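Down below is the structure, laid out as structure tokens.
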Amino acid sequence: MSTYLADKVEDLTVEGPSARFTYRRTGPRGGVPLVLLNRFRGTIDWWDPEFLDYLAADHDVILFDNVGVGYTDGEPRDSLDGFAEGAIEFIDALGLTQADLLGWSLGGIVAQRVAVRRPDLVRKLVVAGSGPAGWVPDAPAFSEKVLGIMAKPDADLEDMLYLFYPETDRARAAGHEHFAHVSTRLAGGGPAVSEAAALGMLTAAATLLAAPFDQVVAELEAIKQPVLYANGLDDVMIPAHNSYVAVQHLADATLVLYTGAGHAFLFQYAKAFTKQVADFLAA
């Protein structure tokens with residue numbers, strides 16, 4: 001039986017204009033809630049419960065599935081604006097007037113678009129294992145292996161380890177630990193991301209890859225909220241170079257990089273990173 005409090009949090013629902021959103025809420029109420037935005041092909045079952053317990057020790061933490069993803073119904077979106085609109089709908093449906101956002105991977109790009117579209121709604125941003133809304137000059141391109149795994153509807157454990165953790169004994173051990181942590185929720189047989197929803201995410205990603213860099217810079221410069229950017233130095237999905245370039249165009253940004261870690265650095269270094277997040281949100 002799981003010893004993590006996050007595994008014992010029940011699913012809740014709230015009605016929005018486009019969907020009945022499913023979400024989970026953990027941690028003490030009060031103050032500005034921290035809303036989590038998820039990765040490509042991720043549902044709320046994939047958030048590591050150890051990471052959530054650390055994060056929720058002093059924060060009201062809310063995680064949800066966007067429109068048409070996982071437990072949330074509705075028509076899946078296929079653009080960054082569509083995902084951002086879904087996140088805004090959810091936050092508004094909860095009756096929140098302001099929130100902090102923590103977005104991982106695709107969720108980090110969505111969080112930044114939410115901050116641009118509704119600056120009144122977002123107090124602070126945490127962008128994890130992510131980058132700006134487009135590729136940046138001199139960044140290494142996606143490898144054929146990464147693209148191949150992303151396109152798979154049935155990626156196995158070895159595929160996931162390759163995407164999220166460097167190929168070292170220490171990192172792979174952390175990866176196996178992460179997948180053991182999420183196994184309790186996954187064993188419950190909750191819905192996966194449908195192929196229609198995954199195709200929408202891939203369509204949005206392709207559009208982002210083609211975005212002109214001056215457009216990418218303009219969006220970054222429009223973000224006035226404090227931003228914590230964080231990444232693993234060995235991320236094969238979204239290279240740390242993208243984070244380094246992004247913070248140069250933000251008005252108020254901090255960059256933190258973790259050695260020996262990749263796309264899932266936030267779980268590999270769960271205690272250290274959540275401490276970093278807590279300090280950033282409290283400042």
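For the structure tokens, the naming scheme is as follows: chains receive sequential letters (A, B, ...) according to their order of presentation, residues are indexed from 1 within each chain, and ligands are indexed from 1 in presentation order.
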Taking only residues of region 48-156 of chain A that have an atom at most 9 Å from an atom of region 239-242 of chain A, what is each one's shortest atom pair and its distance in Å to one decimal, using only C-alpha atoms, in chain and number order, as a tab-separated table?
residue	atom	partner	partner_atom	distance
A:Gly129	CA	A:Ala240	CA	7.9
A:Ser130	CA	A:Asn242	CA	7.8
A:Gly131	CA	A:Asn242	CA	5.4
A:Pro132	CA	A:Asn242	CA	7.2
A:Trp135	CA	A:Asn242	CA	7.3
A:Val136	CA	A:Asn242	CA	6.1
A:Pro137	CA	A:Asn242	CA	8.6
A:Asp138	CA	A:His241	CA	8.3
A:Ala139	CA	A:His241	CA	6.1
A:Pro140	CA	A:Pro239	CA	7.2
A:Ala141	CA	A:Pro239	CA	8.9
*asked:* For region 147-154 of chain A, find every residue with an atom within 10 Å (counting only C-alpha atoms), except residues of its own chain fewer than 5 positions away, and show them as a ChimeraX atom specification.
replied: /A:40-41,142,159-160,162-163,192-195,198-199,202,237
*Find the spatial neighbours of region 258-270 of chain A, counting only C-alpha atoms, within a cut-off of 7 Å - ignore same-chain residues fewer than 5 positions away - and output them as a VMD selection string.*
chain A and resid 48 51 129 163 to 166 171 174 178 231 to 237
*asked:* Can you pull out the residues contacting Ala218 (chain A)? Cut-off 12 Å, using only C-alpha atoms, and skip same-chain residues under 3 positions away; I want them as a ChimeraX atom specification.
replied: /A:113,116,132-134,211-215,221-224,246,249-251
*Who sits within 9 Å of Gln276 (chain A), only C-alpha atoms, same chain under 5 positions skipped, as a PyMOL selection string*: chain A and resi 228+256+271+281
*Report the residues of region 8-223 of chain A whose backbone DSSP state falls under alpha helix (DSSP H), written as number ranges by chain.*
A: 49-55, 80-93, 106-117, 144-151, 157-164, 169-186, 195-209, 213-222
*asked:* DSSP on the backbone, strand (DSSP E) only: what residues of region 69-272 of chain A does that give? Format it as a PyMOL selection string.
replied: chain A and resi 99-104+122-128+227-232+253-258
Enumerate, in order of chain and increasing residue number, the residues of region 98-206 of chain A with an atom no farther than 9 Å from region 2-23 of chain A, each with its shortest atom pair and distance in Å to one decimal, counting only C-alpha atoms, as CSV.
residue,atom,partner,partner_atom,distance
A:His181,CA,A:Ser2,CA,8.2
A:Val182,CA,A:Asp7,CA,8.8
A:Thr184,CA,A:Ser2,CA,6.9
A:Arg185,CA,A:Asp7,CA,6.8
Could you turn the residues from that selection into a file that holds all heavy atoms, as a CSV table (one decimal), in the first residue's frame?
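The resulting file, result-v8.csv, is reproduced below:
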chain,number,residue,atom,x,y,z
A,181,HIS,N,6.8,4.7,-8.0
A,181,HIS,CA,5.9,5.6,-7.3
A,181,HIS,C,4.6,5.8,-8.0
A,181,HIS,O,3.6,5.9,-7.3
A,181,HIS,CB,6.6,7.0,-7.2
A,181,HIS,CG,7.8,7.0,-6.3
A,181,HIS,ND1,8.6,8.1,-6.2
A,181,HIS,CD2,8.3,6.1,-5.4
A,181,HIS,CE1,9.6,7.9,-5.3
A,181,HIS,NE2,9.4,6.7,-4.8
A,182,VAL,N,4.6,5.9,-9.3
A,182,VAL,CA,3.3,6.2,-10.0
A,182,VAL,C,2.5,4.9,-10.3
A,182,VAL,O,1.4,5.0,-10.7
A,182,VAL,CB,3.6,6.9,-11.4
A,182,VAL,CG1,4.2,8.3,-11.1
A,182,VAL,CG2,4.4,6.1,-12.4
A,184,THR,N,1.0,2.9,-8.3
A,184,THR,CA,-0.2,2.7,-7.5
A,184,THR,C,-1.4,3.3,-8.3
A,184,THR,O,-2.4,2.7,-8.4
A,184,THR,CB,0.0,3.4,-6.2
A,184,THR,OG1,1.0,2.7,-5.5
A,184,THR,CG2,-1.3,3.3,-5.4
A,185,ARG,N,-1.2,4.5,-8.8
A,185,ARG,CA,-2.3,5.2,-9.5
A,185,ARG,C,-2.6,4.5,-10.8
A,185,ARG,O,-3.7,4.3,-11.2
A,185,ARG,CB,-2.0,6.7,-9.8
A,185,ARG,CG,-2.1,7.6,-8.6
A,185,ARG,CD,-3.6,7.8,-8.2
A,185,ARG,NE,-3.7,8.9,-7.2
A,185,ARG,CZ,-4.8,9.3,-6.6
A,185,ARG,NH1,-5.9,8.6,-6.9
A,185,ARG,NH2,-4.9,10.3,-5.8
*Please measure the separation of CA of Leu55 (chain A) and CA of Arg24 (chain A), giving the value in Å to one decimal.*
13.6 Å
*Would you kindly return, as a PyMOL selection string, each protein, DNA or RNA residue with an atom no farther than 9 Å from any atom of Ala205 (chain A), considering only C-alpha atoms and excluding same-chain residues fewer than 5 positions away?*
chain A and resi 78-80+106+134+200+210
Can I get the selected residues back with N, CA, C and O atoms, as a short mmCIF file (atom, residue, chain, number, x, y, z; two decimals), in the first residue's frame?
data_model
loop_
_atom_site.label_atom_id
_atom_site.label_comp_id
_atom_site.auth_asym_id
_atom_site.auth_seq_id
_atom_site.Cartn_x
_atom_site.Cartn_y
_atom_site.Cartn_z
N ASP A 78 -5.78 21.08 -30.23
CA ASP A 78 -4.65 20.79 -31.11
C ASP A 78 -3.78 22.01 -31.36
O ASP A 78 -3.10 22.11 -32.38
N SER A 79 -3.81 22.95 -30.41
CA SER A 79 -2.98 24.15 -30.54
C SER A 79 -2.59 24.63 -29.16
O SER A 79 -3.27 24.33 -28.16
N LEU A 80 -1.51 25.40 -29.10
CA LEU A 80 -1.09 25.96 -27.82
C LEU A 80 -2.18 26.86 -27.25
O LEU A 80 -2.46 26.81 -26.04
N LEU A 106 5.42 20.15 -22.09
CA LEU A 106 4.40 20.90 -22.82
C LEU A 106 3.63 21.81 -21.89
O LEU A 106 3.26 22.94 -22.25
N GLY A 134 8.51 27.90 -28.97
CA GLY A 134 9.17 27.69 -30.24
C GLY A 134 10.60 27.26 -30.01
O GLY A 134 11.14 27.42 -28.92
N GLY A 200 -3.44 15.73 -31.26
CA GLY A 200 -3.58 17.17 -31.07
C GLY A 200 -2.34 17.79 -30.46
O GLY A 200 -1.91 18.88 -30.86
N ALA A 210 7.90 25.36 -35.78
CA ALA A 210 8.02 26.20 -36.97
C ALA A 210 7.87 27.69 -36.65
O ALA A 210 7.93 28.52 -37.56
#
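Shell of Arg77 (chain A) at 10 Å, with only C-alpha atoms counted and residues fewer than 5 places along the chain excluded, is Asn66, Val67, Gly68, Val69, Gly82, Phe83, Ala84, Glu85, Gly86, Ala196, Ala197, Ala198, Leu199, Gly200, Met201, Thr203 and Ala204 of chain A.
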Please, could you write that set of residues out with all heavy atoms as a short mmCIF file (atom, residue, chain, number, x, y, z; two decimals), in the first residue's frame?
data_model
loop_
_atom_site.label_atom_id
_atom_site.label_comp_id
_atom_site.auth_asym_id
_atom_site.auth_seq_id
_atom_site.Cartn_x
_atom_site.Cartn_y
_atom_site.Cartn_z
N ASN A 66 -6.43 18.49 -18.82
CA ASN A 66 -6.99 19.50 -19.71
C ASN A 66 -8.13 18.92 -20.54
O ASN A 66 -8.39 17.71 -20.51
CB ASN A 66 -5.88 20.08 -20.59
CG ASN A 66 -6.10 21.55 -20.95
OD1 ASN A 66 -7.23 22.00 -21.13
ND2 ASN A 66 -5.02 22.29 -21.05
N VAL A 67 -8.77 19.76 -21.31
CA VAL A 67 -9.94 19.36 -22.09
C VAL A 67 -9.60 18.18 -23.01
O VAL A 67 -8.64 18.24 -23.78
CB VAL A 67 -10.46 20.54 -22.93
CG1 VAL A 67 -11.67 20.11 -23.76
CG2 VAL A 67 -10.81 21.72 -22.04
N GLY A 68 -10.39 17.11 -22.91
CA GLY A 68 -10.23 15.95 -23.78
C GLY A 68 -9.04 15.07 -23.46
O GLY A 68 -8.69 14.18 -24.24
N VAL A 69 -8.42 15.27 -22.30
CA VAL A 69 -7.23 14.51 -21.91
C VAL A 69 -7.54 13.68 -20.66
O VAL A 69 -8.06 14.21 -19.67
CB VAL A 69 -6.04 15.45 -21.61
CG1 VAL A 69 -4.84 14.65 -21.08
CG2 VAL A 69 -5.64 16.22 -22.87
N GLY A 82 -5.33 26.57 -27.73
CA GLY A 82 -6.40 25.70 -27.26
C GLY A 82 -6.11 25.13 -25.88
O GLY A 82 -6.99 25.11 -25.00
N PHE A 83 -4.87 24.70 -25.65
CA PHE A 83 -4.50 24.18 -24.33
C PHE A 83 -4.54 25.29 -23.28
O PHE A 83 -4.96 25.07 -22.14
CB PHE A 83 -3.10 23.56 -24.38
CG PHE A 83 -2.99 22.38 -25.29
CD1 PHE A 83 -1.95 22.29 -26.22
CD2 PHE A 83 -3.91 21.34 -25.24
CE1 PHE A 83 -1.84 21.21 -27.07
CE2 PHE A 83 -3.80 20.25 -26.09
CZ PHE A 83 -2.77 20.19 -27.01
N ALA A 84 -4.08 26.48 -23.66
CA ALA A 84 -4.10 27.61 -22.73
C ALA A 84 -5.54 27.99 -22.38
O ALA A 84 -5.86 28.25 -21.21
CB ALA A 84 -3.37 28.81 -23.32
N GLU A 85 -6.42 27.99 -23.37
CA GLU A 85 -7.82 28.29 -23.11
C GLU A 85 -8.43 27.27 -22.16
O GLU A 85 -9.22 27.62 -21.26
CB GLU A 85 -8.60 28.31 -24.43
CG GLU A 85 -8.29 29.51 -25.30
CD GLU A 85 -8.77 29.33 -26.73
OE1 GLU A 85 -9.43 28.29 -27.01
OE2 GLU A 85 -8.48 30.20 -27.57
N GLY A 86 -8.06 25.99 -22.34
CA GLY A 86 -8.56 24.96 -21.43
C GLY A 86 -8.11 25.18 -20.00
O GLY A 86 -8.89 25.04 -19.05
N ALA A 196 -6.46 10.56 -30.23
CA ALA A 196 -6.93 11.85 -30.75
C ALA A 196 -6.29 13.00 -29.97
O ALA A 196 -5.84 13.99 -30.56
CB ALA A 196 -8.45 11.94 -30.66
N ALA A 197 -6.23 12.86 -28.64
CA ALA A 197 -5.61 13.89 -27.82
C ALA A 197 -4.11 13.96 -28.08
O ALA A 197 -3.53 15.06 -28.16
CB ALA A 197 -5.88 13.62 -26.35
N ALA A 198 -3.45 12.81 -28.21
CA ALA A 198 -2.01 12.79 -28.48
C ALA A 198 -1.71 13.42 -29.84
O ALA A 198 -0.73 14.16 -29.98
CB ALA A 198 -1.49 11.36 -28.43
N LEU A 199 -2.55 13.14 -30.83
CA LEU A 199 -2.35 13.74 -32.15
C LEU A 199 -2.49 15.25 -32.07
O LEU A 199 -1.74 15.98 -32.73
CB LEU A 199 -3.37 13.16 -33.14
CG LEU A 199 -3.27 13.68 -34.58
CD1 LEU A 199 -1.89 13.39 -35.18
CD2 LEU A 199 -4.37 13.08 -35.44
N GLY A 200 -3.44 15.73 -31.26
CA GLY A 200 -3.58 17.17 -31.07
C GLY A 200 -2.34 17.79 -30.46
O GLY A 200 -1.91 18.88 -30.86
N MET A 201 -1.74 17.09 -29.50
CA MET A 201 -0.51 17.58 -28.88
C MET A 201 0.64 17.61 -29.88
O MET A 201 1.43 18.56 -29.91
CB MET A 201 -0.15 16.70 -27.68
CG MET A 201 -1.13 16.77 -26.53
SD MET A 201 -0.71 15.59 -25.20
CE MET A 201 -2.13 15.80 -24.12
N THR A 203 0.33 17.90 -33.12
CA THR A 203 0.04 18.98 -34.06
C THR A 203 0.47 20.33 -33.49
O THR A 203 1.09 21.15 -34.18
CB THR A 203 -1.46 19.00 -34.39
OG1 THR A 203 -1.84 17.76 -34.95
CG2 THR A 203 -1.81 20.13 -35.36
N ALA A 204 0.17 20.54 -32.22
CA ALA A 204 0.58 21.79 -31.57
C ALA A 204 2.09 21.89 -31.51
O ALA A 204 2.66 22.97 -31.77
CB ALA A 204 -0.01 21.85 -30.16
#
